[in-house]
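**Q** Structure: my_file-v4.cif, mmCIF, C-alpha atoms.
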data_data
loop_
_atom_site.label_atom_id
_atom_site.label_comp_id
_atom_site.auth_asym_id
_atom_site.auth_seq_id
_atom_site.Cartn_x
_atom_site.Cartn_y
_atom_site.Cartn_z
CA MET A 1 0.00 0.00 0.00
CA THR A 2 1.21 3.51 -0.82
CA LYS A 3 1.98 5.50 2.34
CA GLY A 4 3.43 8.87 3.22
CA GLY A 5 3.52 12.17 1.36
CA VAL A 6 0.07 13.16 0.11
CA PHE A 7 -1.38 9.70 0.79
CA HIS A 8 -3.69 8.86 3.67
CA PRO A 9 -2.72 5.74 5.69
CA ASP A 10 -5.92 4.07 4.44
CA PHE A 11 -5.33 4.99 0.79
CA LYS A 12 -7.05 2.85 -1.87
CA ALA A 13 -6.10 2.70 -5.54
CA MET A 14 -9.74 2.63 -6.62
CA PRO A 15 -12.52 5.12 -7.40
CA TRP A 16 -14.18 6.71 -4.40
CA TRP A 17 -17.47 6.17 -6.27
CA TRP A 18 -17.03 2.40 -5.89
CA GLU A 19 -17.51 2.70 -2.14
CA ALA A 20 -21.23 3.04 -3.01
CA TRP A 21 -21.38 0.51 -5.91
CA ARG A 22 -18.75 -1.64 -7.57
CA PRO A 23 -18.61 -3.20 -11.05
CA GLN A 24 -20.04 -6.70 -11.23
CA ALA A 25 -20.12 -9.71 -13.48
CA GLU A 26 -23.33 -11.05 -14.97
CA PRO A 27 -24.27 -14.77 -15.21
CA PRO A 28 -23.17 -16.29 -18.56
CA ILE A 29 -25.64 -16.10 -21.44
CA ASP A 30 -26.10 -18.34 -24.48
CA LEU A 31 -24.17 -16.53 -27.20
CA SER A 32 -25.38 -18.94 -29.87
CA ALA A 33 -28.88 -17.47 -29.67
CA ARG A 34 -29.36 -14.94 -32.48
CA THR A 35 -30.14 -11.34 -31.49
CA ASP A 36 -31.61 -8.38 -33.32
CA VAL A 37 -28.87 -5.99 -32.17
CA ALA A 38 -25.50 -6.80 -30.61
CA ILE A 39 -24.07 -3.88 -28.64
CA ILE A 40 -20.32 -3.83 -28.03
CA GLY A 41 -19.47 -1.92 -24.87
CA GLY A 42 -21.45 -1.74 -21.65
CA GLY A 43 -20.95 1.90 -20.69
CA TYR A 44 -23.48 4.74 -20.67
CA ALA A 45 -23.90 4.62 -24.45
CA GLY A 46 -24.28 0.85 -24.67
CA LEU A 47 -26.75 0.55 -21.79
CA ASN A 48 -28.87 3.48 -22.93
CA ALA A 49 -29.01 2.08 -26.45
CA ALA A 50 -30.04 -1.30 -25.05
CA ILE A 51 -32.74 0.19 -22.82
CA GLU A 52 -34.25 2.20 -25.67
CA LEU A 53 -34.22 -0.82 -28.00
CA ALA A 54 -35.73 -3.13 -25.39
CA ARG A 55 -38.48 -0.62 -24.55
CA ALA A 56 -39.43 -0.74 -28.24
CA GLY A 57 -39.48 -4.54 -28.31
CA VAL A 58 -36.18 -4.96 -30.17
CA GLY A 59 -34.08 -7.87 -28.87
CA CYS A 60 -30.55 -6.92 -27.93
CA ALA A 61 -27.47 -8.15 -26.13
CA VAL A 62 -24.70 -6.06 -24.56
CA LEU A 63 -21.20 -7.53 -24.80
CA GLU A 64 -18.82 -6.09 -22.21
CA ALA A 65 -15.15 -7.11 -22.16
CA ASN A 66 -14.88 -6.66 -18.38
CA ASP A 67 -17.33 -6.52 -15.50
CA PHE A 68 -20.23 -4.15 -16.05
CA GLY A 69 -19.21 -0.74 -14.76
CA PHE A 70 -15.48 -1.32 -15.19
CA GLY A 71 -14.85 1.51 -17.67
CA ALA A 72 -15.02 5.27 -17.69
CA SER A 73 -18.76 5.42 -16.98
CA THR A 74 -18.14 4.85 -13.25
CA LEU A 75 -14.82 6.71 -13.21
CA SER A 76 -15.77 10.24 -14.26
CA GLY A 77 -16.18 13.34 -12.14
CA GLY A 78 -19.96 13.17 -12.51
CA ALA A 79 -20.39 16.59 -14.13
CA VAL A 80 -23.24 16.81 -16.64
CA SER A 81 -22.81 19.46 -19.30
CA GLY A 82 -25.61 20.85 -21.41
CA GLY A 83 -23.66 21.78 -24.53
CA VAL A 84 -20.90 24.22 -23.58
CA SER A 85 -18.27 21.48 -23.71
CA LEU A 86 -18.62 21.47 -27.50
CA GLY A 87 -17.01 24.89 -27.63
CA LYS A 88 -13.54 23.69 -28.58
CA GLY A 89 -14.84 21.50 -31.39
CA LEU A 90 -16.84 24.36 -32.86
CA GLY A 91 -13.75 26.50 -33.39
CA GLY A 92 -12.28 24.67 -36.38
CA LYS A 93 -11.26 26.63 -39.48
CA ARG A 94 -13.86 24.98 -41.65
CA ARG A 95 -16.58 26.39 -39.38
CA VAL A 96 -15.49 30.02 -39.60
CA ASN A 97 -17.34 32.44 -41.90
CA ASP A 98 -19.37 29.65 -43.44
CA GLY A 99 -23.14 29.94 -43.28
CA ALA A 100 -23.84 26.20 -43.65
CA ALA A 101 -21.16 25.34 -41.10
CA GLN A 102 -22.55 27.93 -38.69
CA ALA A 103 -26.01 26.40 -39.04
CA LEU A 104 -24.52 22.96 -38.30
CA ALA A 105 -22.77 24.35 -35.22
CA GLU A 106 -26.10 25.66 -34.00
CA ARG A 107 -27.71 22.24 -34.49
CA LEU A 108 -24.83 20.56 -32.65
CA LEU A 109 -25.27 22.89 -29.68
CA SER A 110 -29.01 22.28 -29.67
CA GLY A 111 -28.48 18.50 -29.70
CA ALA A 112 -25.93 18.74 -26.90
CA SER A 113 -28.38 20.82 -24.92
CA ASP A 114 -30.96 18.05 -25.34
CA SER A 115 -28.53 15.60 -23.76
CA LEU A 116 -28.90 17.17 -20.32
CA THR A 117 -32.69 17.02 -20.53
CA LEU A 118 -32.44 13.38 -21.62
CA VAL A 119 -30.32 12.47 -18.58
CA GLU A 120 -32.88 14.10 -16.32
CA ASP A 121 -35.75 12.29 -18.04
CA ILE A 122 -34.05 8.89 -17.77
CA ILE A 123 -33.25 9.41 -14.08
CA LYS A 124 -36.87 10.30 -13.41
CA ARG A 125 -38.39 7.55 -15.58
CA GLU A 126 -36.22 4.78 -14.13
CA ASN A 127 -36.31 6.19 -10.59
CA ILE A 128 -32.52 6.26 -10.33
CA GLU A 129 -31.13 7.49 -6.99
CA CYS A 130 -27.83 9.09 -7.99
CA PHE A 131 -27.70 12.49 -6.23
CA TRP A 132 -28.75 14.32 -9.39
CA GLU A 133 -28.97 18.10 -9.12
CA ARG A 134 -28.77 21.08 -11.43
CA SER A 135 -25.97 22.75 -9.54
CA GLY A 136 -24.44 24.86 -12.33
CA ARG A 137 -20.83 24.99 -13.44
CA PHE A 138 -18.13 27.61 -13.04
CA ALA A 139 -15.48 27.61 -15.79
CA GLY A 140 -12.44 29.39 -14.40
CA ALA A 141 -10.34 31.48 -16.78
CA CYS A 142 -6.63 30.98 -16.15
CA THR A 143 -5.66 34.19 -17.97
CA ARG A 144 -7.37 37.42 -18.96
CA LYS A 145 -7.23 36.30 -22.59
CA HIS A 146 -9.08 33.11 -21.64
CA TYR A 147 -11.71 35.25 -19.87
CA ASP A 148 -12.24 37.26 -23.05
CA GLU A 149 -12.49 34.06 -25.11
CA LEU A 150 -15.15 32.66 -22.75
CA SER A 151 -17.01 35.96 -22.84
CA ALA A 152 -17.15 35.80 -26.64
CA LYS A 153 -19.01 32.46 -26.47
CA VAL A 154 -21.72 33.44 -24.00
CA GLU A 155 -24.22 34.68 -26.58
CA MET A 156 -23.77 31.57 -28.76
CA PHE A 157 -24.17 29.19 -25.81
CA ASN A 158 -27.24 30.98 -24.51
CA ARG A 159 -28.97 31.28 -27.89
CA HIS A 160 -28.41 27.75 -29.18
CA ALA A 161 -27.88 25.62 -26.05
CA ASP A 162 -29.99 27.57 -23.54
CA ALA A 163 -26.92 27.36 -21.30
CA GLN A 164 -27.95 30.34 -19.15
CA CYS A 165 -24.37 31.63 -19.05
CA VAL A 166 -23.13 34.81 -17.42
CA MET A 167 -19.61 36.07 -16.92
CA VAL A 168 -18.23 36.40 -13.41
CA PRO A 169 -15.43 39.01 -13.15
CA LYS A 170 -12.52 38.37 -10.85
CA ALA A 171 -13.87 40.87 -8.33
CA GLN A 172 -16.91 38.60 -7.81
CA GLN A 173 -15.11 35.26 -8.16
CA ARG A 174 -15.15 34.50 -4.44
CA GLU A 175 -18.92 34.17 -4.63
CA GLU A 176 -18.32 30.98 -6.66
CA ILE A 177 -15.01 29.60 -5.44
CA ASP A 178 -12.77 30.37 -2.46
CA SER A 179 -9.71 30.87 -4.62
CA ASP A 180 -7.81 33.65 -6.39
CA PHE A 181 -6.30 31.29 -8.96
CA TYR A 182 -8.51 32.42 -11.84
CA GLN A 183 -9.06 35.70 -13.67
CA GLY A 184 -12.82 35.39 -13.33
CA GLY A 185 -14.82 32.91 -15.37
CA MET A 186 -18.09 31.83 -16.91
CA LEU A 187 -21.03 30.59 -14.87
CA VAL A 188 -23.15 28.02 -16.70
CA ARG A 189 -26.40 27.78 -14.79
CA ARG A 190 -27.89 25.00 -16.94
CA SER A 191 -25.51 22.26 -15.87
CA GLY A 192 -25.63 19.52 -13.28
CA LYS A 193 -23.87 16.75 -11.42
CA LEU A 194 -24.56 13.22 -10.23
CA HIS A 195 -22.92 10.15 -8.71
CA PRO A 196 -21.65 8.38 -11.85
CA ALA A 197 -21.50 4.87 -10.37
CA LEU A 198 -25.03 5.08 -8.95
CA TYR A 199 -26.33 6.47 -12.27
CA TYR A 200 -24.66 3.53 -13.98
CA LYS A 201 -26.16 1.09 -11.46
CA GLY A 202 -29.59 2.54 -12.19
CA LEU A 203 -29.12 2.01 -15.91
CA LEU A 204 -27.90 -1.56 -15.37
CA ASP A 205 -30.91 -2.33 -13.17
CA ALA A 206 -33.21 -0.88 -15.84
CA ALA A 207 -31.57 -2.97 -18.56
CA ARG A 208 -32.24 -6.10 -16.52
CA ARG A 209 -35.88 -5.09 -15.98
CA TYR A 210 -36.39 -4.62 -19.72
CA GLY A 211 -34.94 -8.04 -20.48
CA VAL A 212 -31.65 -6.97 -22.07
CA ARG A 213 -29.21 -9.86 -22.37
CA LEU A 214 -26.00 -8.88 -20.55
CA ALA A 215 -22.69 -10.63 -21.19
CA SER A 216 -19.73 -9.60 -19.03
CA GLY A 217 -16.18 -10.84 -19.57
CA THR A 218 -16.96 -11.13 -23.29
CA ASN A 219 -14.33 -9.48 -25.46
CA VAL A 220 -15.31 -9.05 -29.11
CA GLU A 221 -12.32 -10.07 -31.22
CA ARG A 222 -13.64 -9.89 -34.77
CA ILE A 223 -16.77 -8.82 -36.68
CA THR A 224 -17.62 -10.20 -40.11
CA GLY A 225 -20.70 -10.34 -42.31
CA LYS A 226 -23.28 -7.75 -43.23
CA ARG A 227 -26.65 -6.36 -42.17
CA GLY A 228 -28.94 -9.21 -41.27
CA ALA A 229 -26.06 -11.64 -40.82
CA PHE A 230 -23.25 -10.16 -38.71
CA ARG A 231 -21.03 -12.68 -36.95
CA LEU A 232 -19.17 -11.60 -33.81
CA ARG A 233 -16.31 -13.79 -32.63
CA THR A 234 -15.81 -13.28 -28.91
CA SER A 235 -13.63 -14.67 -26.14
CA ARG A 236 -16.61 -16.80 -25.07
CA GLY A 237 -17.95 -17.98 -28.40
CA GLU A 238 -19.68 -16.65 -31.48
CA MET A 239 -22.83 -14.55 -31.77
CA THR A 240 -24.93 -13.63 -34.80
CA ALA A 241 -26.90 -10.40 -35.06
CA GLU A 242 -29.06 -8.45 -37.48
CA GLN A 243 -27.29 -5.19 -36.59
CA VAL A 244 -24.37 -4.06 -34.42
CA ILE A 245 -23.71 -0.98 -32.29
CA VAL A 246 -20.10 -0.14 -31.37
CA ALA A 247 -20.12 1.87 -28.11
CA THR A 248 -16.57 1.33 -26.85
CA ASN A 249 -15.37 4.97 -26.82
CA GLY A 250 -12.02 5.22 -24.98
CA TYR A 251 -11.63 1.43 -24.98
CA THR A 252 -12.11 0.85 -28.73
CA GLY A 253 -9.98 -2.08 -29.83
CA ASP A 254 -8.83 -4.21 -32.74
CA ALA A 255 -12.28 -5.64 -33.52
CA THR A 256 -13.09 -2.31 -35.19
CA PRO A 257 -9.76 -1.02 -36.58
CA GLN A 258 -11.56 1.46 -38.85
CA LEU A 259 -12.81 3.22 -35.69
CA LYS A 260 -9.77 2.67 -33.49
CA ARG A 261 -7.57 4.68 -35.85
CA LYS A 262 -9.94 7.65 -35.62
CA LEU A 263 -9.99 7.87 -31.82
CA ILE A 264 -7.34 9.01 -29.36
CA PRO A 265 -7.68 7.35 -25.95
CA VAL A 266 -6.55 9.81 -23.27
CA ALA A 267 -6.21 8.97 -19.60
CA SER A 268 -7.98 11.16 -17.07
CA HIS A 269 -6.94 10.93 -13.42
CA ILE A 270 -8.91 11.75 -10.26
CA ILE A 271 -8.20 11.88 -6.53
CA ALA A 272 -10.49 12.08 -3.53
CA THR A 273 -9.38 13.73 -0.31
CA GLU A 274 -10.09 12.59 3.19
CA GLU A 275 -13.14 14.10 4.88
CA LEU A 276 -12.52 17.80 5.41
CA PRO A 277 -13.53 19.96 8.37
CA GLU A 278 -17.15 21.02 7.78
CA GLY A 279 -16.47 24.73 7.66
CA LEU A 280 -13.56 24.32 5.27
CA ALA A 281 -15.47 22.03 2.92
CA LYS A 282 -18.44 24.40 2.69
CA SER A 283 -16.22 27.41 2.01
CA LEU A 284 -14.41 25.93 -1.01
CA ILE A 285 -17.30 25.93 -3.49
CA PRO A 286 -20.07 27.72 -1.55
CA LYS A 287 -22.84 27.16 -4.11
CA GLY A 288 -22.00 23.53 -4.82
CA ARG A 289 -21.01 24.06 -8.47
CA THR A 290 -18.90 21.77 -10.56
CA ILE A 291 -15.69 23.52 -11.60
CA SER A 292 -13.67 23.29 -14.79
CA ASP A 293 -10.94 25.53 -16.17
CA THR A 294 -9.34 26.70 -19.38
CA PRO A 295 -5.71 25.47 -19.59
CA ARG A 296 -4.73 22.94 -22.23
CA VAL A 297 -3.90 20.63 -19.30
CA LEU A 298 -7.31 21.14 -17.76
CA CYS A 299 -8.62 20.33 -14.31
CA TYR A 300 -12.18 19.65 -13.15
CA TYR A 301 -13.42 19.25 -9.60
CA ARG A 302 -16.35 19.31 -7.19
CA LEU A 303 -17.31 18.31 -3.68
CA SER A 304 -18.52 14.76 -3.06
CA PRO A 305 -22.33 14.32 -2.85
CA ASP A 306 -22.15 14.41 0.95
CA GLY A 307 -20.18 17.67 0.79
CA LYS A 308 -17.29 16.30 2.84
CA ARG A 309 -14.49 15.61 0.31
CA MET A 310 -12.87 17.31 -2.63
CA LEU A 311 -12.93 15.19 -5.80
CA PHE A 312 -10.24 16.61 -8.07
CA GLY A 313 -9.51 15.42 -11.60
CA GLY A 314 -7.35 16.39 -14.53
CA ARG A 315 -4.64 15.42 -16.94
CA ALA A 316 -1.90 14.57 -14.44
CA ARG A 317 -0.53 12.63 -17.39
CA PHE A 318 -2.14 11.94 -20.77
CA THR A 319 -1.51 8.20 -20.39
CA ALA A 320 -2.25 5.71 -17.63
CA VAL A 321 0.19 5.92 -14.71
CA THR A 322 0.23 4.63 -11.15
CA PRO A 323 -1.23 6.64 -8.24
CA GLU A 324 2.34 7.24 -7.03
CA VAL A 325 2.73 9.42 -10.16
CA SER A 326 -0.75 10.88 -10.66
CA ALA A 327 -1.87 11.63 -7.10
CA PRO A 328 1.00 14.00 -6.13
CA VAL A 329 0.55 15.90 -9.41
CA LEU A 330 -3.19 16.31 -8.89
CA HIS A 331 -2.65 17.24 -5.24
CA ARG A 332 -0.29 20.00 -6.40
CA PHE A 333 -2.84 21.20 -8.97
CA MET A 334 -5.46 21.20 -6.21
CA THR A 335 -3.34 23.20 -3.78
CA ASP A 336 -2.40 25.68 -6.52
CA ARG A 337 -6.10 26.50 -6.55
CA PHE A 338 -6.80 25.90 -2.87
CA PRO A 339 -3.70 26.48 -0.71
CA GLN A 340 -5.92 25.80 2.30
CA LEU A 341 -5.98 22.09 1.29
CA LYS A 342 -2.22 21.60 1.55
CA ASP A 343 -2.61 19.25 4.51
CA ALA A 344 -5.54 17.25 3.08
CA LYS A 345 -4.53 13.66 2.40
CA VAL A 346 -5.58 11.56 -0.58
CA THR A 347 -7.73 8.52 0.25
CA HIS A 348 -8.54 7.35 -3.31
CA ALA A 349 -6.95 7.72 -6.75
CA TRP A 350 -8.04 6.29 -10.08
CA THR A 351 -7.76 6.55 -13.86
CA GLY A 352 -10.11 6.05 -16.82
CA ASN A 353 -9.90 6.51 -20.58
CA VAL A 354 -11.81 9.14 -22.50
CA ALA A 355 -11.84 9.20 -26.31
CA PHE A 356 -10.91 12.31 -28.25
CA THR A 357 -11.66 12.77 -31.93
CA PHE A 358 -9.55 14.76 -34.35
CA ASP A 359 -12.25 17.43 -34.66
CA PHE A 360 -13.03 17.45 -30.89
CA LEU A 361 -16.69 16.61 -31.55
CA PRO A 362 -18.81 13.57 -30.63
CA HIS A 363 -19.92 11.35 -33.51
CA MET A 364 -22.49 8.74 -34.38
CA GLY A 365 -23.11 7.01 -37.69
CA GLN A 366 -22.44 3.75 -39.53
CA VAL A 367 -19.21 2.04 -40.50
CA GLN A 368 -21.26 0.05 -42.99
CA ASP A 369 -24.95 -0.63 -43.42
CA GLY A 370 -26.18 -2.05 -40.13
CA MET A 371 -22.96 -1.47 -38.14
CA HIS A 372 -23.53 1.66 -36.07
CA PHE A 373 -21.18 3.58 -33.81
CA CYS A 374 -21.51 6.24 -31.10
CA LEU A 375 -18.11 7.49 -29.95
CA GLY A 376 -15.86 10.40 -29.10
CA CYS A 377 -17.30 12.18 -26.08
CA ASN A 378 -14.08 14.24 -25.71
CA GLY A 379 -14.35 14.14 -21.93
CA SER A 380 -18.08 14.95 -21.64
CA GLY A 381 -19.29 11.39 -21.39
CA VAL A 382 -22.14 11.42 -18.87
CA ALA A 383 -24.51 13.45 -21.02
CA MET A 384 -23.10 12.88 -24.49
CA MET A 385 -22.65 9.11 -24.35
CA THR A 386 -26.14 8.81 -22.85
CA TYR A 387 -27.49 10.90 -25.73
CA LEU A 388 -25.54 9.18 -28.51
CA GLY A 389 -26.52 5.70 -27.33
CA HIS A 390 -30.17 6.73 -27.04
CA ARG A 391 -30.17 8.37 -30.49
CA THR A 392 -28.45 5.40 -32.14
CA ALA A 393 -31.14 3.10 -30.80
CA GLN A 394 -33.81 5.47 -32.10
CA LYS A 395 -32.22 5.36 -35.55
CA ILE A 396 -32.48 1.57 -35.54
CA ILE A 397 -36.06 1.60 -34.26
CA GLY A 398 -37.19 4.35 -36.61
CA GLY A 399 -35.28 3.20 -39.66
CA GLY A 400 -35.14 6.17 -42.00
CA ASP A 401 -35.90 9.03 -39.61
CA ARG A 402 -34.10 12.34 -39.97
CA VAL A 403 -30.34 12.61 -39.72
CA GLY A 404 -29.24 14.06 -36.38
CA PRO A 405 -26.55 16.72 -36.07
CA PHE A 406 -23.86 14.35 -34.78
CA GLU A 407 -24.27 12.19 -37.91
CA GLU A 408 -23.77 15.04 -40.35
CA LEU A 409 -19.98 15.21 -40.05
CA GLU A 410 -17.75 12.35 -41.13
CA LEU A 411 -15.62 10.95 -38.31
CA PRO A 412 -12.18 12.23 -39.34
CA GLY A 413 -8.88 10.42 -39.19
CA GLN A 414 -5.26 11.47 -39.47
CA VAL A 415 -2.72 10.20 -42.00
CA GLY A 416 -0.19 7.94 -40.30
CA TYR A 417 -2.23 7.32 -37.15
CA GLY A 418 -3.22 3.71 -36.51
CA GLY A 419 -4.82 3.96 -33.10
CA THR A 420 -1.77 3.85 -30.81
CA PRO A 421 -1.25 7.35 -29.37
CA TRP A 422 2.54 7.19 -28.93
CA PHE A 423 2.68 10.98 -29.17
CA LEU A 424 0.63 11.75 -26.04
CA PRO A 425 3.60 12.26 -23.67
CA LEU A 426 5.02 14.78 -26.15
CA VAL A 427 1.69 16.54 -26.47
CA GLY A 428 1.38 16.67 -22.68
CA SER A 429 4.82 18.24 -22.28
CA TYR A 430 4.07 20.79 -24.99
CA TYR A 431 0.70 21.70 -23.46
CA ARG A 432 2.22 22.13 -20.00
CA LEU A 433 4.87 24.46 -21.44
CA ARG A 434 2.26 26.52 -23.29
CA ASP A 435 0.13 26.78 -20.15
CA ARG A 436 3.10 28.03 -18.12
CA LEU A 437 3.93 30.61 -20.78
CA ASP A 438 0.31 31.79 -20.89
CA ARG A 439 0.32 32.39 -17.14
CA LEU A 440 3.69 34.13 -17.23
CA LEU A 441 2.69 36.43 -20.07
CA ASP A 442 -0.54 37.22 -18.25
CA GLY A 443 1.45 38.41 -15.26
#
Let me see the file written as C-alpha cells.
**A**
Amino acid sequence: MTKGGVFHPDFKAMPWWWEAWRPQAEPPIDLSARTDVAIIGGGYAGLNAAIELARAGVGCAVLEANDFGFGASTLSGGAVSGGVSLGKGLGGKRRVNDGAAQALAERLLSGASDSLTLVEDIIKRENIECFWERSGRFAGACTRKHYDELSAKVEMFNRHADAQCVMVPKAQQREEIDSDFYQGGMLVRRSGKLHPALYYKGLLDAARRYGVRLASGTNVERITGKRGAFRLRTSRGEMTAEQVIVATNGYTGDATPQLKRKLIPVASHIIATEELPEGLAKSLIPKGRTISDTPRVLCYYRLSPDGKRMLFGGRARFTAVTPEVSAPVLHRFMTDRFPQLKDAKVTHAWTGNVAFTFDFLPHMGQVQDGMHFCLGCNGSGVAMMTYLGHRTAQKIIGGGDRVGPFEELELPGQVGYGGTPWFLPLVGSYYRLRDRLDRLLDG
C-alpha cells in the first residue's frame, strides 16, 4: 500500500465512487442465440441504447469485455454538461465564416443541450437514486485572454444551447469559489452533477428489468458479415446479429480497426481527499457548483455528494500511470487552486480513458450498413454518451428518420495514425509548457 507524502494511511487505488457501488459480473448467457442488435461496450452509451431498444421490443445483447461498470462510466467526475463542452470543437477553421457550417454548429449545440434534458428524463423515468442536481458549473479562466475568449461564447451558448451563461469578473469570483487562482470565469447555470456509479447502477438495473441480455467478460475479437447476418467472434464464443452498435469509446480495440484509428484514448486521473472539516469544505465551493478551467492541461473538480471531500480530476498525465505518479501531481494542482488544502490527504486515486476525436466533436453514424457507432465524447461522457446511445437506438427503431446533427460530419482520421497514441507524452509536455507561458505572459 502507498503511504506517506500526500497519501492517507488508508489509501485505496480505486474510485471513491465504488464505495457506493462496484462493477459486477453477470451470469453467462447463451451466445449462440441470435439477437436483433448486438451492442459492443457496456458503458453509458451501450446501456442506454439497449434500454431504448428493449423498450421498443427490439431484442438486444450487450457484450462487455470486463465486469459491467469497469470503464469510464463509473470513473468520471460526474459533471453533466448541457452543450458548452462542445465549444472547442466548434472552433475549427472549416466552421469560420461559413453559413452552412454555422447552421450545423447551432444544431450541434441544440443537440448537446438536449442531452442534459435526456439524462434528467431517464433518471426520473427509471427512478434512479444518484444524487442528481442542477448545480451549475463555473469555468475558471486561467488568464485574462481566456476570460475574453469565454465571454465571446456566451451569446452563442445561450442562444443555441440555452446554457444560461453569465460572466463572473474576478472581483466577484469569491462568490463561486474560495480561490484567487482564476481571472474570473463563466457561470453556466444549466448544468448539473450526479454520482456516476449510482447512475450507472440505475441504468444496469433498468436494462435487466427490460430483459436486455447482458454478457460480461466477453471481449469481441472480430466482426464479419453484413446487415442481417453479422457474426461476432468473442472470447466466449460466437454470436450472430441483425445489426451491431459499437459503443466502446475510450476502450475501442482491434475488432473495429476502422474506428480505433480515428480515436485518441486519453487517460484522465482523479483523486479524492479525506473528509474535510465542515467549515472548510463548505467554504471551497459555496454554491455547490462543478468547476472546470481553461488550460490545455485542464482540471475539473467538485465536492462529493455528501459535501465532505474534494474530488479533483485532470490530466496529471495523458496516459495511464500509477497513483504514485498521478496523485501527487493532482494534489499540487489542487493546492495551486486551494492552498488551504495543503494538509488534506488523498484517500482514493483512479484513472479512466476518455476518447478524443480529431475534430473534438462527438460522432455517431455507420461504418457500414447495419454497423452503427456512437463514440468520441471528448471528456463529456455522462450526457453525451447517454445521448448518442439513445439516439443510435432510435435510428435503428425508426429506420429512415431524420439525420441528427452528430451524424452530419464524417468521423475524421489522421494520416499515419493507426490507433496507438505514442505521441501523447510529447503533447502533454508541450501543453504544460504553453500553459506556463500563458500564465507568465498574463502576469
**Q** Residues picked by the PyMOL selection byres ((chain A and resi 352) around 9) here, as a ChimeraX atom specification?
**A** /A:71-76,250,266-270,320,350-351,353-354
**Q** Restricted to C-alpha atoms, what would the selected residues look like written as an mmCIF file, in the frame of the given file?
**A**
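Generated file (selection-v9.cif):
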data_model
loop_
_atom_site.group_PDB
_atom_site.id
_atom_site.type_symbol
_atom_site.label_atom_id
_atom_site.label_comp_id
_atom_site.auth_asym_id
_atom_site.auth_seq_id
_atom_site.Cartn_x
_atom_site.Cartn_y
_atom_site.Cartn_z
ATOM 1 C CA GLY A 71 -14.850 1.510 -17.670
ATOM 2 C CA ALA A 72 -15.020 5.270 -17.690
ATOM 3 C CA SER A 73 -18.760 5.420 -16.980
ATOM 4 C CA THR A 74 -18.140 4.850 -13.250
ATOM 5 C CA LEU A 75 -14.820 6.710 -13.210
ATOM 6 C CA SER A 76 -15.770 10.240 -14.260
ATOM 7 C CA GLY A 250 -12.020 5.220 -24.980
ATOM 8 C CA VAL A 266 -6.550 9.810 -23.270
ATOM 9 C CA ALA A 267 -6.210 8.970 -19.600
ATOM 10 C CA SER A 268 -7.980 11.160 -17.070
ATOM 11 C CA HIS A 269 -6.940 10.930 -13.420
ATOM 12 C CA ILE A 270 -8.910 11.750 -10.260
ATOM 13 C CA ALA A 320 -2.250 5.710 -17.630
ATOM 14 C CA TRP A 350 -8.040 6.290 -10.080
ATOM 15 C CA THR A 351 -7.760 6.550 -13.860
ATOM 16 C CA ASN A 353 -9.900 6.510 -20.580
ATOM 17 C CA VAL A 354 -11.810 9.140 -22.500
#
**Q** Using all atoms listed in the file, which residue out of A:Trp17, A:Phe7, A:Phe138, A:Phe373 lies closest to Lys342 (chain A)?
**A**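 Between A:Trp17, A:Phe7, A:Phe138, A:Phe373, the residue approaching Lys342 (chain A) most closely is A:Phe7.
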**Q** What does the distance between CA of Val80 (chain A) and CA of Ala54 (chain A) come to in Å, to one decimal place?
**A**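 Distance between the two atoms: 25.1 Å.
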**Q** Rank nothing, just name the residue among A:Ala20, A:Leu90, A:Ile264, A:Cys130 nearest to Phe423 (chain A), using only C-alpha atoms.
**A**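 When distances to Phe423 (chain A) are compared using only C-alpha atoms, the smallest one comes from A:Ile264.
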**Q** To one decimal place, how far is CA of Thr294 (chain A) from CA of Ser85 (chain A) in Å?
**A**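 So the two atoms, CA of Thr294 (chain A) and CA of Ser85 (chain A), lie 11.2 Å apart.
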**Q** Can you tell me how far CA of Met167 (chain A) sits from CA of Gly192 (chain A), in Å to one decimal?
**A**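 These atoms are spaced 18.0 Å apart.
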**Q** Might you spell out which residues the PyMOL selection byres ((chain A and resi 389) around 6) would select in the displayed file, as a list in words?
**A**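 Output of the PyMOL selection byres ((chain A and resi 389) around 6): Ala45, Gly46, Asn48, Ala49, Met385, Thr386, Tyr387, Leu388, His390, Arg391 and Thr392 of chain A.
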**Q** If we count only C-alpha atoms and set the cut-off at 10 Å, which residues sit around Ser429 (chain A), ignoring sequence neighbours fewer than 4 positions away in its own chain? Please answer as a PDB file with C-alpha atoms, keeping the file's coordinate frame.
**A**
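Saved the output as around_32.pdb:
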ATOM      1  CA  VAL A 297      -3.900  20.630 -19.300  1.00  0.00           C
ATOM      2  CA  ARG A 317      -0.530  12.630 -17.390  1.00  0.00           C
ATOM      3  CA  PHE A 318      -2.140  11.940 -20.770  1.00  0.00           C
ATOM      4  CA  LEU A 424       0.630  11.750 -26.040  1.00  0.00           C
ATOM      5  CA  PRO A 425       3.600  12.260 -23.670  1.00  0.00           C
ATOM      6  CA  LEU A 433       4.870  24.460 -21.440  1.00  0.00           C
ATOM      7  CA  ARG A 434       2.260  26.520 -23.290  1.00  0.00           C
ATOM      8  CA  ASP A 435       0.130  26.780 -20.150  1.00  0.00           C
TER       9      ASP A 435
END
**Q** Taking all atoms listed in the file into account, name the residue in A:Asp343, A:Asp205, A:Asp306, A:Asp36 that is nearest to Gly228 (chain A).
**A** A:Asp36
**Q** Please return, as a PyMOL selection string, all polymer residues that have at least one atom within 9 Å of the point (-27.7, 0.8, -23.5); use only C-alpha atoms and the file's own coordinate frame.
**A** chain A and resi 39+41-53+62+203-204+207+212+247+386+389-390+393
**Q** Keeping only C-alpha atoms, write those residues as a compact mmCIF listing (two decimals), in the frame of the given file.
**A**
# COMPACT_ATOMS: atom_id res chain seq x y z
CA ILE A 39 -24.07 -3.88 -28.64
CA GLY A 41 -19.47 -1.92 -24.87
CA GLY A 42 -21.45 -1.74 -21.65
CA GLY A 43 -20.95 1.90 -20.69
CA TYR A 44 -23.48 4.74 -20.67
CA ALA A 45 -23.90 4.62 -24.45
CA GLY A 46 -24.28 0.85 -24.67
CA LEU A 47 -26.75 0.55 -21.79
CA ASN A 48 -28.87 3.48 -22.93
CA ALA A 49 -29.01 2.08 -26.45
CA ALA A 50 -30.04 -1.30 -25.05
CA ILE A 51 -32.74 0.19 -22.82
CA GLU A 52 -34.25 2.20 -25.67
CA LEU A 53 -34.22 -0.82 -28.00
CA VAL A 62 -24.70 -6.06 -24.56
CA LEU A 203 -29.12 2.01 -15.91
CA LEU A 204 -27.90 -1.56 -15.37
CA ALA A 207 -31.57 -2.97 -18.56
CA VAL A 212 -31.65 -6.97 -22.07
CA ALA A 247 -20.12 1.87 -28.11
CA THR A 386 -26.14 8.81 -22.85
CA GLY A 389 -26.52 5.70 -27.33
CA HIS A 390 -30.17 6.73 -27.04
CA ALA A 393 -31.14 3.10 -30.80
